[in-house]
$ cat final.txt   # compact mmCIF, C-alpha atoms
# COMPACT_ATOMS: atom_id res chain seq x y z
CA MET A 1 26.69 -12.42 28.72
CA ALA A 2 23.74 -13.07 31.03
CA THR A 3 20.63 -11.41 29.62
CA ASP A 4 17.43 -10.61 31.45
CA VAL A 5 14.56 -11.30 29.08
CA SER A 6 11.96 -11.51 31.86
CA PHE A 7 10.36 -8.29 30.56
CA LEU A 8 8.97 -10.33 27.70
CA THR A 9 5.54 -11.90 28.10
CA LYS A 10 5.53 -15.63 27.45
CA ASN A 11 1.84 -16.45 27.22
CA SER A 12 1.96 -16.70 23.48
CA GLU A 13 -0.94 -19.14 23.03
CA ASP A 14 -3.48 -16.65 24.37
CA PHE A 15 -2.17 -14.11 21.88
CA TYR A 16 -2.51 -16.58 19.01
CA ASN A 17 -6.03 -17.45 20.16
CA ALA A 18 -6.86 -13.75 20.13
CA ILE A 19 -5.47 -13.40 16.60
CA GLU A 20 -7.56 -16.31 15.39
CA SER A 21 -10.75 -15.23 17.20
CA ARG A 22 -10.75 -11.68 15.82
CA ARG A 23 -13.26 -11.58 12.99
CA SER A 24 -15.60 -9.12 11.26
CA ILE A 25 -18.79 -9.25 13.33
CA TYR A 26 -21.77 -7.52 11.71
CA GLY A 27 -24.55 -8.72 14.04
CA ILE A 28 -24.21 -6.43 17.08
CA SER A 29 -26.51 -5.05 19.79
CA LYS A 30 -26.53 -2.12 22.21
CA ASP A 31 -26.04 -4.24 25.33
CA SER A 32 -23.21 -2.89 27.42
CA LEU A 33 -20.62 -5.52 28.31
CA ILE A 34 -18.07 -3.45 30.22
CA SER A 35 -18.09 -0.08 31.99
CA GLU A 36 -17.30 3.10 30.05
CA GLU A 37 -14.19 3.43 32.24
CA ARG A 38 -12.98 -0.02 31.18
CA LEU A 39 -13.73 0.73 27.53
CA LEU A 40 -11.70 3.91 27.67
CA GLU A 41 -8.88 2.12 29.52
CA VAL A 42 -8.71 -0.57 26.81
CA ILE A 43 -8.68 1.99 23.99
CA ASN A 44 -6.13 4.18 25.75
CA LYS A 45 -3.85 1.18 26.17
CA ALA A 46 -4.09 0.41 22.44
CA VAL A 47 -3.38 4.02 21.47
CA LYS A 48 -0.48 4.32 23.90
CA TYR A 49 1.39 1.12 23.06
CA THR A 50 0.83 0.68 19.32
CA PRO A 51 4.05 1.73 17.60
CA SER A 52 4.64 4.39 14.93
CA SER A 53 7.69 5.13 12.78
CA PHE A 54 9.96 7.74 14.41
CA ASN A 55 7.63 7.34 17.45
CA ALA A 56 5.45 9.90 15.65
CA GLN A 57 2.30 8.94 17.65
CA SER A 58 0.22 10.45 14.85
CA SER A 59 -2.86 8.27 15.46
CA ARG A 60 -5.95 9.84 17.02
CA VAL A 61 -9.17 8.16 18.11
CA VAL A 62 -12.74 9.33 18.68
CA VAL A 63 -15.07 6.99 20.57
CA LEU A 64 -18.81 7.48 20.07
CA ILE A 65 -21.27 5.64 22.29
CA GLY A 66 -25.01 5.73 22.90
CA GLN A 67 -26.81 8.52 21.05
CA GLN A 68 -23.53 9.78 19.58
CA HIS A 69 -23.01 6.40 17.94
CA ASN A 70 -26.52 6.52 16.49
CA LYS A 71 -25.86 10.03 15.20
CA LEU A 72 -22.78 8.85 13.28
CA TRP A 73 -24.81 6.28 11.37
CA ASP A 74 -27.60 8.82 10.75
CA ILE A 75 -24.97 11.13 9.24
CA THR A 76 -23.52 8.29 7.17
CA GLU A 77 -26.95 7.22 5.93
CA THR A 78 -27.81 10.79 4.91
CA ALA A 79 -24.48 11.14 3.09
CA LEU A 80 -25.01 7.84 1.26
CA ARG A 81 -28.53 8.84 0.17
CA ARG A 82 -26.90 11.67 -1.76
CA VAL A 83 -24.77 9.26 -3.82
CA VAL A 84 -26.58 5.91 -3.91
CA PRO A 85 -29.63 5.73 -6.24
CA ALA A 86 -32.87 5.35 -4.22
CA GLU A 87 -33.81 2.14 -6.03
CA ASN A 88 -30.53 0.52 -4.88
CA PHE A 89 -30.65 1.80 -1.33
CA SER A 90 -32.18 -1.17 0.48
CA GLU A 91 -28.91 -3.07 0.95
CA THR A 92 -27.20 0.10 2.17
CA GLN A 93 -30.17 0.79 4.46
CA GLN A 94 -29.79 -2.65 6.02
CA LYS A 95 -26.10 -2.05 6.65
CA MET A 96 -26.80 1.32 8.28
CA ASP A 97 -29.49 -0.24 10.46
CA ALA A 98 -27.15 -3.05 11.48
CA PHE A 99 -24.36 -0.66 12.48
CA ARG A 100 -26.85 1.60 14.33
CA ARG A 101 -27.97 -1.40 16.37
CA GLY A 102 -24.45 -1.52 17.88
CA TYR A 103 -23.18 -0.04 21.14
CA GLY A 104 -20.51 2.33 19.84
CA THR A 105 -18.12 3.27 17.05
CA VAL A 106 -14.40 3.98 17.15
CA LEU A 107 -13.23 6.54 14.59
CA PHE A 108 -9.57 6.31 13.56
CA TYR A 109 -7.78 9.50 12.55
CA GLU A 110 -4.23 10.50 11.67
CA ASP A 111 -2.93 13.95 12.66
CA GLU A 112 -1.67 15.49 9.43
CA ASN A 113 0.25 18.20 11.30
CA VAL A 114 2.45 15.51 12.84
CA ILE A 115 3.10 14.01 9.41
CA LYS A 116 3.88 17.40 7.84
CA GLY A 117 6.21 18.19 10.73
CA LEU A 118 8.18 15.00 10.09
CA GLN A 119 8.26 15.70 6.34
CA GLN A 120 9.83 19.11 7.00
CA LYS A 121 12.28 17.77 9.59
CA PHE A 122 13.38 14.71 7.57
CA ALA A 123 13.00 15.82 3.94
CA LEU A 124 14.80 12.71 2.65
CA TYR A 125 11.88 10.53 3.81
CA ALA A 126 9.11 13.02 2.99
CA ASP A 127 7.26 10.63 0.68
CA ASN A 128 7.37 7.84 3.24
CA PHE A 129 5.69 9.48 6.21
CA PRO A 130 2.11 9.30 4.84
CA VAL A 131 2.73 5.63 3.95
CA TRP A 132 4.09 4.81 7.41
CA SER A 133 1.21 6.76 8.95
CA ASN A 134 -1.23 4.43 7.15
CA GLN A 135 0.70 1.38 8.29
CA SER A 136 0.70 2.62 11.88
CA SER A 137 -3.02 3.39 11.71
CA GLY A 138 -3.58 -0.17 10.47
CA MET A 139 -1.68 -1.49 13.50
CA LEU A 140 -3.87 0.56 15.84
CA GLN A 141 -7.08 -0.48 14.08
CA TYR A 142 -5.99 -4.08 14.56
CA VAL A 143 -5.13 -3.69 18.24
CA VAL A 144 -8.42 -1.91 19.04
CA TRP A 145 -10.40 -4.49 17.03
CA THR A 146 -8.77 -7.43 18.82
CA SER A 147 -9.07 -5.71 22.21
CA LEU A 148 -12.78 -5.03 21.75
CA GLU A 149 -13.39 -8.65 20.81
CA LEU A 150 -11.39 -9.86 23.83
CA GLU A 151 -13.70 -7.71 25.97
CA GLY A 152 -16.62 -9.63 24.50
CA PHE A 153 -17.68 -7.23 21.75
CA GLY A 154 -18.00 -7.92 18.04
CA ALA A 155 -16.59 -5.31 15.65
CA SER A 156 -15.95 -4.65 11.97
CA LEU A 157 -13.92 -2.11 10.02
CA GLN A 158 -15.70 0.32 7.69
CA HIS A 159 -14.50 3.06 5.31
CA TYR A 160 -17.16 5.69 4.69
CA ASN A 161 -14.44 8.33 4.65
CA PRO A 162 -13.98 10.71 2.88
CA LEU A 163 -17.73 10.88 2.17
CA ILE A 164 -18.64 11.66 5.80
CA ASP A 165 -15.53 13.58 6.89
CA GLU A 166 -16.94 17.12 6.87
CA ASP A 167 -20.26 16.27 8.50
CA VAL A 168 -18.46 14.32 11.23
CA ARG A 169 -15.96 17.13 11.73
CA LYS A 170 -18.77 19.65 12.24
CA GLN A 171 -20.86 17.39 14.49
CA TRP A 172 -18.09 16.67 17.00
CA ASN A 173 -15.84 19.65 16.37
CA ILE A 174 -12.94 17.46 15.18
CA PRO A 175 -9.67 19.40 14.60
CA GLY A 176 -9.09 20.32 10.94
CA ASN A 177 -5.73 18.53 10.90
CA TRP A 178 -7.22 15.16 11.90
CA LYS A 179 -7.81 12.99 8.81
CA LEU A 180 -10.45 10.27 9.08
CA ILE A 181 -9.08 6.83 8.16
CA ALA A 182 -11.64 4.22 9.25
CA GLU A 183 -14.77 3.57 11.32
CA MET A 184 -15.23 0.59 13.63
CA PRO A 185 -18.80 -0.10 14.83
CA PHE A 186 -18.98 -2.53 17.76
CA GLY A 187 -21.48 -4.09 20.14
CA LYS A 188 -22.48 -7.31 21.80
CA PRO A 189 -22.32 -10.03 19.13
CA THR A 190 -25.70 -11.38 18.07
CA ALA A 191 -24.44 -13.61 15.25
CA PRO A 192 -21.13 -15.33 14.53
CA ALA A 193 -18.79 -14.23 11.73
CA ALA A 194 -19.32 -15.44 8.18
CA GLU A 195 -17.18 -18.15 6.63
CA LYS A 196 -13.80 -16.93 5.42
CA ASP A 197 -11.71 -18.19 2.52
CA PHE A 198 -7.94 -18.48 2.77
CA ILE A 199 -5.34 -18.51 -0.01
CA PRO A 200 -2.84 -21.37 0.56
CA LEU A 201 -0.01 -20.12 2.76
CA GLU A 202 2.58 -21.62 0.40
CA GLU A 203 1.63 -18.84 -2.05
CA ARG A 204 2.15 -16.14 0.58
CA VAL A 205 5.16 -17.16 2.68
CA LYS A 206 8.68 -18.09 1.53
CA ILE A 207 11.57 -19.14 3.76
CA PHE A 208 15.26 -19.18 2.82
CA LYS A 209 17.86 -20.64 5.17
CA MET B 1 -32.15 -13.97 22.14
CA ALA B 2 -29.58 -16.32 23.64
CA THR B 3 -26.22 -15.77 22.00
CA ASP B 4 -23.21 -18.04 22.00
CA VAL B 5 -20.13 -15.89 22.33
CA SER B 6 -17.93 -18.74 23.56
CA PHE B 7 -15.93 -18.57 20.34
CA LEU B 8 -14.33 -15.41 21.68
CA THR B 9 -11.14 -15.67 23.70
CA LYS B 10 -11.40 -14.02 27.09
CA ASN B 11 -7.81 -13.92 28.33
CA SER B 12 -7.52 -10.23 27.58
CA GLU B 13 -4.82 -9.41 30.15
CA ASP B 14 -2.25 -11.58 28.38
CA PHE B 15 -3.02 -9.74 25.16
CA TYR B 16 -2.57 -6.36 26.84
CA ASN B 17 0.70 -7.55 28.37
CA ALA B 18 1.87 -8.57 24.91
CA ILE B 19 0.93 -5.15 23.52
CA GLU B 20 2.86 -3.41 26.25
CA SER B 21 5.90 -5.72 26.04
CA ARG B 22 6.38 -5.34 22.28
CA ARG B 23 9.21 -2.86 21.76
CA SER B 24 11.95 -2.07 19.23
CA ILE B 25 14.86 -4.30 20.23
CA TYR B 26 18.14 -3.46 18.50
CA GLY B 27 20.51 -5.64 20.57
CA ILE B 28 20.03 -9.14 19.10
CA SER B 29 22.12 -12.31 18.74
CA LYS B 30 22.11 -15.40 16.53
CA ASP B 31 21.09 -17.80 19.30
CA SER B 32 18.14 -19.89 18.19
CA LEU B 33 15.24 -19.84 20.65
CA ILE B 34 12.68 -21.98 18.82
CA SER B 35 12.80 -24.56 16.05
CA GLU B 36 12.52 -23.47 12.41
CA GLU B 37 9.21 -25.37 12.30
CA ARG B 38 7.84 -23.35 15.20
CA LEU B 39 9.08 -20.10 13.64
CA LEU B 40 7.32 -20.89 10.38
CA GLU B 41 4.16 -21.95 12.25
CA VAL B 42 4.05 -18.63 14.11
CA ILE B 43 4.59 -16.58 10.96
CA ASN B 44 2.06 -18.62 9.00
CA LYS B 45 -0.51 -18.02 11.73
CA ALA B 46 0.09 -14.27 11.55
CA VAL B 47 -0.18 -14.21 7.76
CA LYS B 48 -3.31 -16.38 7.76
CA TYR B 49 -5.35 -14.56 10.39
CA THR B 50 -4.39 -10.91 9.94
CA PRO B 51 -7.28 -9.22 8.13
CA SER B 52 -7.32 -7.33 4.83
CA SER B 53 -10.01 -5.19 3.23
CA PHE B 54 -12.22 -7.22 0.86
CA ASN B 55 -10.31 -10.23 2.27
CA ALA B 56 -7.71 -9.38 -0.37
CA GLN B 57 -4.93 -11.32 1.41
CA SER B 58 -2.40 -9.21 -0.50
CA SER B 59 0.38 -9.50 2.09
CA ARG B 60 3.40 -11.69 1.34
CA VAL B 61 6.30 -12.60 3.60
CA VAL B 62 9.87 -13.76 3.02
CA VAL B 63 11.74 -15.18 6.02
CA LEU B 64 15.54 -15.17 5.86
CA ILE B 65 17.55 -17.04 8.47
CA GLY B 66 21.21 -17.97 8.96
CA GLN B 67 23.45 -17.10 6.02
CA GLN B 68 20.47 -15.72 4.07
CA HIS B 69 19.84 -13.21 6.85
CA ASN B 70 23.51 -12.17 6.77
CA LYS B 71 23.30 -11.80 2.99
CA LEU B 72 20.39 -9.36 3.29
CA TRP B 73 22.39 -7.03 5.52
CA ASP B 74 25.44 -7.36 3.24
CA ILE B 75 23.23 -6.28 0.35
CA THR B 76 21.79 -3.42 2.39
CA GLU B 77 25.23 -2.25 3.49
CA THR B 78 26.52 -2.29 -0.10
CA ALA B 79 23.47 -0.33 -1.28
CA LEU B 80 23.90 2.23 1.50
CA ARG B 81 27.60 2.72 0.67
CA ARG B 82 26.47 3.97 -2.73
CA VAL B 83 24.40 6.77 -1.19
CA VAL B 84 25.91 7.58 2.23
CA PRO B 85 29.19 9.58 2.18
CA ALA B 86 32.12 7.45 3.41
CA GLU B 87 32.98 9.93 6.17
CA ASN B 88 29.47 9.56 7.64
CA PHE B 89 29.26 5.80 7.30
CA SER B 90 30.33 4.70 10.79
CA GLU B 91 26.87 5.04 12.35
CA THR B 92 25.32 3.19 9.41
CA GLN B 93 28.05 0.53 9.67
CA GLN B 94 27.19 0.00 13.33
CA LYS B 95 23.51 -0.45 12.47
CA MET B 96 24.29 -2.96 9.72
CA ASP B 97 26.58 -4.90 12.09
CA ALA B 98 23.88 -4.92 14.78
CA PHE B 99 21.22 -6.27 12.40
CA ARG B 100 23.66 -8.85 10.99
CA ARG B 101 24.28 -10.12 14.54
CA GLY B 102 20.61 -11.22 14.60
CA TYR B 103 19.10 -14.61 13.86
CA GLY B 104 16.81 -13.74 10.94
CA THR B 105 14.84 -11.10 9.07
CA VAL B 106 11.22 -11.05 7.98
CA LEU B 107 10.59 -9.15 4.74
CA PHE B 108 7.07 -7.78 4.28
CA TYR B 109 5.70 -7.49 0.76
CA GLU B 110 2.37 -6.57 -0.84
CA ASP B 111 1.29 -8.32 -4.04
CA GLU B 112 0.56 -5.49 -6.48
CA ASN B 113 -1.32 -7.82 -8.85
CA VAL B 114 -3.91 -8.40 -6.14
CA ILE B 115 -4.29 -4.65 -5.61
CA LYS B 116 -4.57 -3.97 -9.36
CA GLY B 117 -7.15 -6.74 -9.66
CA LEU B 118 -9.31 -5.12 -6.99
CA GLN B 119 -8.91 -1.70 -8.62
CA GLN B 120 -10.22 -3.08 -11.89
CA LYS B 121 -13.06 -4.99 -10.24
CA PHE B 122 -14.18 -2.14 -7.95
CA ALA B 123 -13.27 1.01 -9.88
CA LEU B 124 -15.17 3.23 -7.43
CA TYR B 125 -12.63 2.42 -4.70
CA ALA B 126 -9.57 2.31 -6.99
CA ASP B 127 -7.67 4.99 -5.04
CA ASN B 128 -8.34 3.27 -1.73
CA PHE B 129 -6.88 -0.17 -2.38
CA PRO B 130 -3.20 0.87 -2.14
CA VAL B 131 -4.03 2.73 1.10
CA TRP B 132 -5.85 -0.26 2.59
CA SER B 133 -3.01 -2.50 1.44
CA ASN B 134 -0.60 -0.39 3.51
CA GLN B 135 -2.91 -0.51 6.51
CA SER B 136 -3.22 -4.27 6.22
CA SER B 137 0.55 -4.65 5.86
CA GLY B 138 0.93 -2.59 9.03
CA MET B 139 -1.41 -4.96 10.83
CA LEU B 140 0.66 -7.95 9.71
CA GLN B 141 3.94 -6.27 10.65
CA TYR B 142 2.48 -5.69 14.09
CA VAL B 143 1.26 -9.26 14.55
CA VAL B 144 4.57 -10.78 13.42
CA TRP B 145 6.54 -8.35 15.62
CA THR B 146 4.47 -9.15 18.70
CA SER B 147 4.51 -12.88 17.94
CA LEU B 148 8.30 -12.96 17.60
CA GLU B 149 8.69 -11.16 20.91
CA LEU B 150 6.25 -13.56 22.60
CA GLU B 151 8.47 -16.40 21.35
CA GLY B 152 11.37 -14.74 23.16
CA PHE B 153 12.96 -12.81 20.28
CA GLY B 154 13.63 -9.10 20.06
CA ALA B 155 12.74 -7.36 16.77
CA SER B 156 12.59 -3.96 15.14
CA LEU B 157 11.04 -2.56 11.97
CA GLN B 158 13.29 -1.11 9.26
CA HIS B 159 12.63 0.56 5.90
CA TYR B 160 15.57 0.22 3.51
CA ASN B 161 13.09 -0.18 0.65
CA PRO B 162 13.07 0.93 -2.11
CA LEU B 163 16.88 1.24 -2.04
CA ILE B 164 17.43 -2.53 -1.76
CA ASP B 165 14.40 -3.80 -3.71
CA GLU B 166 16.09 -4.83 -6.95
CA ASP B 167 19.13 -6.50 -5.33
CA VAL B 168 16.85 -8.43 -2.96
CA ARG B 169 14.57 -9.42 -5.85
CA LYS B 170 17.52 -10.83 -7.80
CA GLN B 171 19.12 -12.59 -4.82
CA TRP B 172 16.00 -14.56 -3.84
CA ASN B 173 14.11 -14.52 -7.11
CA ILE B 174 11.19 -12.56 -5.64
CA PRO B 175 8.20 -12.19 -8.01
CA GLY B 176 8.14 -8.86 -9.87
CA ASN B 177 4.65 -8.06 -8.57
CA TRP B 178 5.72 -8.28 -4.90
CA LYS B 179 6.48 -4.81 -3.54
CA LEU B 180 8.82 -4.59 -0.54
CA ILE B 181 7.25 -2.66 2.37
CA ALA B 182 9.45 -3.27 5.45
CA GLU B 183 12.23 -5.38 6.93
CA MET B 184 12.16 -6.85 10.45
CA PRO B 185 15.49 -8.15 11.81
CA PHE B 186 15.11 -10.31 14.91
CA GLY B 187 17.18 -12.43 17.30
CA LYS B 188 17.68 -13.27 20.94
CA PRO B 189 17.59 -9.98 22.84
CA THR B 190 20.94 -8.91 24.28
CA ALA B 191 19.83 -5.51 25.56
CA PRO B 192 16.48 -4.06 26.64
CA ALA B 193 14.60 -1.45 24.62
CA ALA B 194 15.43 2.23 24.95
CA GLU B 195 13.26 4.63 26.93
CA LYS B 196 10.16 5.77 25.06
CA ASP B 197 8.29 9.07 25.34
CA PHE B 198 4.51 9.24 25.22
CA ILE B 199 2.25 12.14 24.24
CA PRO B 200 -0.55 12.58 26.84
CA LEU B 201 -3.50 10.38 25.85
CA GLU B 202 -5.92 13.27 26.42
CA GLU B 203 -4.47 14.83 23.25
CA ARG B 204 -5.04 11.63 21.24
CA VAL B 205 -8.35 10.14 22.40
CA LYS B 206 -11.77 11.80 22.60
CA ILE B 207 -14.97 10.17 23.83
CA PHE B 208 -18.53 11.41 23.20
CA LYS B 209 -21.52 9.75 24.88

$ encode --input "final.txt" --output "structure tokens"
Amino acid sequence: MATDVSFLTKNSEDFYNAIESRRSIYGISKDSLISEERLLEVINKAVKYTPSSFNAQSSRVVVLIGQQHNKLWDITETALRRVVPAENFSETQQKMDAFRRGYGTVLFYEDENVIKGLQQKFALYADNFPVWSNQSSGMLQYVVWTSLELEGFGASLQHYNPLIDEDVRKQWNIPGNWKLIAEMPFGKPTAPAAEKDFIPLEERVKIFK
Amino acid sequence: MATDVSFLTKNSEDFYNAIESRRSIYGISKDSLISEERLLEVINKAVKYTPSSFNAQSSRVVVLIGQQHNKLWDITETALRRVVPAENFSETQQKMDAFRRGYGTVLFYEDENVIKGLQQKFALYADNFPVWSNQSSGMLQYVVWTSLELEGFGASLQHYNPLIDEDVRKQWNIPGNWKLIAEMPFGKPTAPAAEKDFIPLEERVKIFK
């Protein structure tokens, strides 16, 4: 049978380069590299095409730029001051300052109403939907991260949830059914990524044929 | 300050094409499209460069091709016959036959010893490590899926775990601390993906500036 596979992209090397180039970039600045329209286009594309089990599309995203981005890291710093002893705060302070120096932050959420709906509809898999929701959120975090870096930004993935959830919800009027999963500050890179260690692949991958 | 950002790939359009082209492909055949060496290279690249929180590198992968791939779907079919009533089995049978017609399957695991080790070392985040492990596994599933499709294969993501875990463990002598997360059958595409519905992006993405 003749099969049309022309719908598949074939430029695999660029994809592999993108995979390898994506790193955690902590040195970031406020310089704008692309228009807000382009930024939103890139993020929309990631949200639209990243898959989810049962095509649940439970992932939600909030993009904060400019003063809104600064406000997020003010909120996070205030929340951390409540739990980190003052005498140990200098390292945390430096992190907050570094993130605040960035251009924007992407907040990743999952819509718990969607997950509950699936749990009611498919009771047999009820325990699995929150797990698959996390896996799908991870996929989206990855696609946004890689996309931002392809656009020239540096980004990293942070987890100050659930500490900041309520303050963030109030500040931007986030729906009560959106659960915060991760925060991704980004900006123009001002320093390369740190060295990274790798476990030997022979310990991680097995093939049977 | 002058900043060298040349380490970042800039061919973003190919990446976005890859994102958009990656779909669930159920019609697959046993035709080999690339060498086993190339297949392993592509999967190794995905495993190596996909990130994990605390650089935990907890993801593990088992690749089954040829008769080993067939064996997996025999095992899965046998396990399903124990739980699906015989009079309802024809749809399940068709699925098993379709997967078995493929070239190979990638099994995604997470190493629970790595996760437990992090929980002991960083007790404050103990509840988070299994969640982050799922998110990281999702990232890897996504990268392998997209990579396979860029190499010309069609693939889909299945979840017959935990039903098949013990039989699979015995068959391929999988370490007891590897937890099965997902199964990805793949092969040469013989039919395009089905239509897909999308929720309006305005309901999923918010921007504040």

$ axis_aligned_box --input "final.txt" --around "region 76-81 of chain A" --padding-each-side "8 Å" --output "JSON"
{"center_x": -26.0, "center_y": 9.2, "center_z": 3.7, "size_x": 21.0, "size_y": 19.9, "size_z": 23.0}

$ interface_residues --input "final.txt" --of "chain A" --to "chain B" --cutoff "6 Å" --atoms "all atoms listed in the file" --output "PDB file with C-alpha atoms, keeping the file's coordinate frame"
ATOM      1  CA  THR A   3      20.630 -11.410  29.620  1.00  0.00           C
ATOM      2  CA  LEU A   8       8.970 -10.330  27.700  1.00  0.00           C
ATOM      3  CA  THR A   9       5.540 -11.900  28.100  1.00  0.00           C
ATOM      4  CA  LYS A  10       5.530 -15.630  27.450  1.00  0.00           C
ATOM      5  CA  SER A  12       1.960 -16.700  23.480  1.00  0.00           C
ATOM      6  CA  PHE A  15      -2.170 -14.110  21.880  1.00  0.00           C
ATOM      7  CA  ALA A  18      -6.860 -13.750  20.130  1.00  0.00           C
ATOM      8  CA  GLU A  20      -7.560 -16.310  15.390  1.00  0.00           C
ATOM      9  CA  SER A  21     -10.750 -15.230  17.200  1.00  0.00           C
ATOM     10  CA  TYR A  49       1.390   1.120  23.060  1.00  0.00           C
ATOM     11  CA  ARG A  60      -5.950   9.840  17.020  1.00  0.00           C
ATOM     12  CA  VAL A  61      -9.170   8.160  18.110  1.00  0.00           C
ATOM     13  CA  VAL A  62     -12.740   9.330  18.680  1.00  0.00           C
ATOM     14  CA  VAL A  63     -15.070   6.990  20.570  1.00  0.00           C
ATOM     15  CA  LEU A  64     -18.810   7.480  20.070  1.00  0.00           C
ATOM     16  CA  ILE A  65     -21.270   5.640  22.290  1.00  0.00           C
ATOM     17  CA  GLY A  66     -25.010   5.730  22.900  1.00  0.00           C
ATOM     18  CA  GLN A  68     -23.530   9.780  19.580  1.00  0.00           C
ATOM     19  CA  ASN A 134      -1.230   4.430   7.150  1.00  0.00           C
ATOM     20  CA  GLN A 135       0.700   1.380   8.290  1.00  0.00           C
ATOM     21  CA  SER A 136       0.700   2.620  11.880  1.00  0.00           C
ATOM     22  CA  GLY A 138      -3.580  -0.170  10.470  1.00  0.00           C
ATOM     23  CA  MET A 139      -1.680  -1.490  13.500  1.00  0.00           C
ATOM     24  CA  TYR A 142      -5.990  -4.080  14.560  1.00  0.00           C
ATOM     25  CA  LEU A 150     -11.390  -9.860  23.830  1.00  0.00           C
ATOM     26  CA  THR A 190     -25.700 -11.380  18.070  1.00  0.00           C
ATOM     27  CA  ARG A 204       2.150 -16.140   0.580  1.00  0.00           C
ATOM     28  CA  VAL A 205       5.160 -17.160   2.680  1.00  0.00           C
ATOM     29  CA  LYS A 206       8.680 -18.090   1.530  1.00  0.00           C
ATOM     30  CA  ILE A 207      11.570 -19.140   3.760  1.00  0.00           C
ATOM     31  CA  PHE A 208      15.260 -19.180   2.820  1.00  0.00           C
ATOM     32  CA  LYS A 209      17.860 -20.640   5.170  1.00  0.00           C
TER      33      LYS A 209
END

$ atom_distance --input "final.txt" --atom1 "CA of Tyr26 (chain B)" --atom2 "CA of Asp167 (chain B)"
24.0 Å

$ atom_distance --input "final.txt" --atom1 "CA of Asp31 (chain B)" --atom2 "CA of Tyr103 (chain B)"
6.6 Å

$ closest_residue --input "final.txt" --among "A:Thr92, A:Trp73, A:Leu118, A:Tyr125" --to "Tyr160 (chain B)" --atoms "all atoms listed in the file"
A:Tyr125

$ atom_distance --input "final.txt" --atom1 "CA of Gly27 (chain B)" --atom2 "CA of Lys121 (chain A)"
27.1 Å

$ closest_residue --input "final.txt" --among "A:Glu112, A:Glu87, A:Glu195, A:Asp74" --to "Ile164 (chain A)" --atoms "all atoms listed in the file"
A:Asp74

$ closest_residue --input "final.txt" --among "B:Phe122, B:Phe89, B:Phe99, B:Phe54" --to "Glu183 (chain B)" --atoms "all atoms listed in the file"
B:Phe99

$ decode --input "final.txt" --residues "region 31-54 of chain A" --atoms "C-alpha atoms" --output "short mmCIF file (atom, residue, chain, number, x, y, z; two decimals), in the first residue's frame"
data_model
loop_
_atom_site.label_atom_id
_atom_site.label_comp_id
_atom_site.auth_asym_id
_atom_site.auth_seq_id
_atom_site.Cartn_x
_atom_site.Cartn_y
_atom_site.Cartn_z
CA ASP A 31 16.22 43.09 27.18
CA SER A 32 13.39 42.27 24.84
CA LEU A 33 14.41 39.91 22.03
CA ILE A 34 11.10 39.42 20.23
CA SER A 35 7.79 41.28 20.08
CA GLU A 36 5.04 40.51 22.60
CA GLU A 37 2.97 39.23 19.66
CA ARG A 38 5.69 36.75 18.71
CA LEU A 39 6.10 35.66 22.34
CA LEU A 40 2.40 34.97 22.63
CA GLU A 41 2.39 33.17 19.27
CA VAL A 42 5.22 30.87 20.41
CA ILE A 43 3.53 30.08 23.73
CA ASN A 44 0.15 29.55 22.10
CA LYS A 45 1.72 27.09 19.67
CA ALA A 46 3.26 25.13 22.55
CA VAL A 47 -0.02 25.05 24.48
CA LYS A 48 -2.03 24.06 21.41
CA TYR A 49 0.15 21.23 20.11
CA THR A 50 1.53 19.62 23.27
CA PRO A 51 -0.43 16.40 23.81
CA SER A 52 -2.49 15.27 26.82
CA SER A 53 -4.02 11.90 27.66
CA PHE A 54 -7.62 11.62 26.41
#
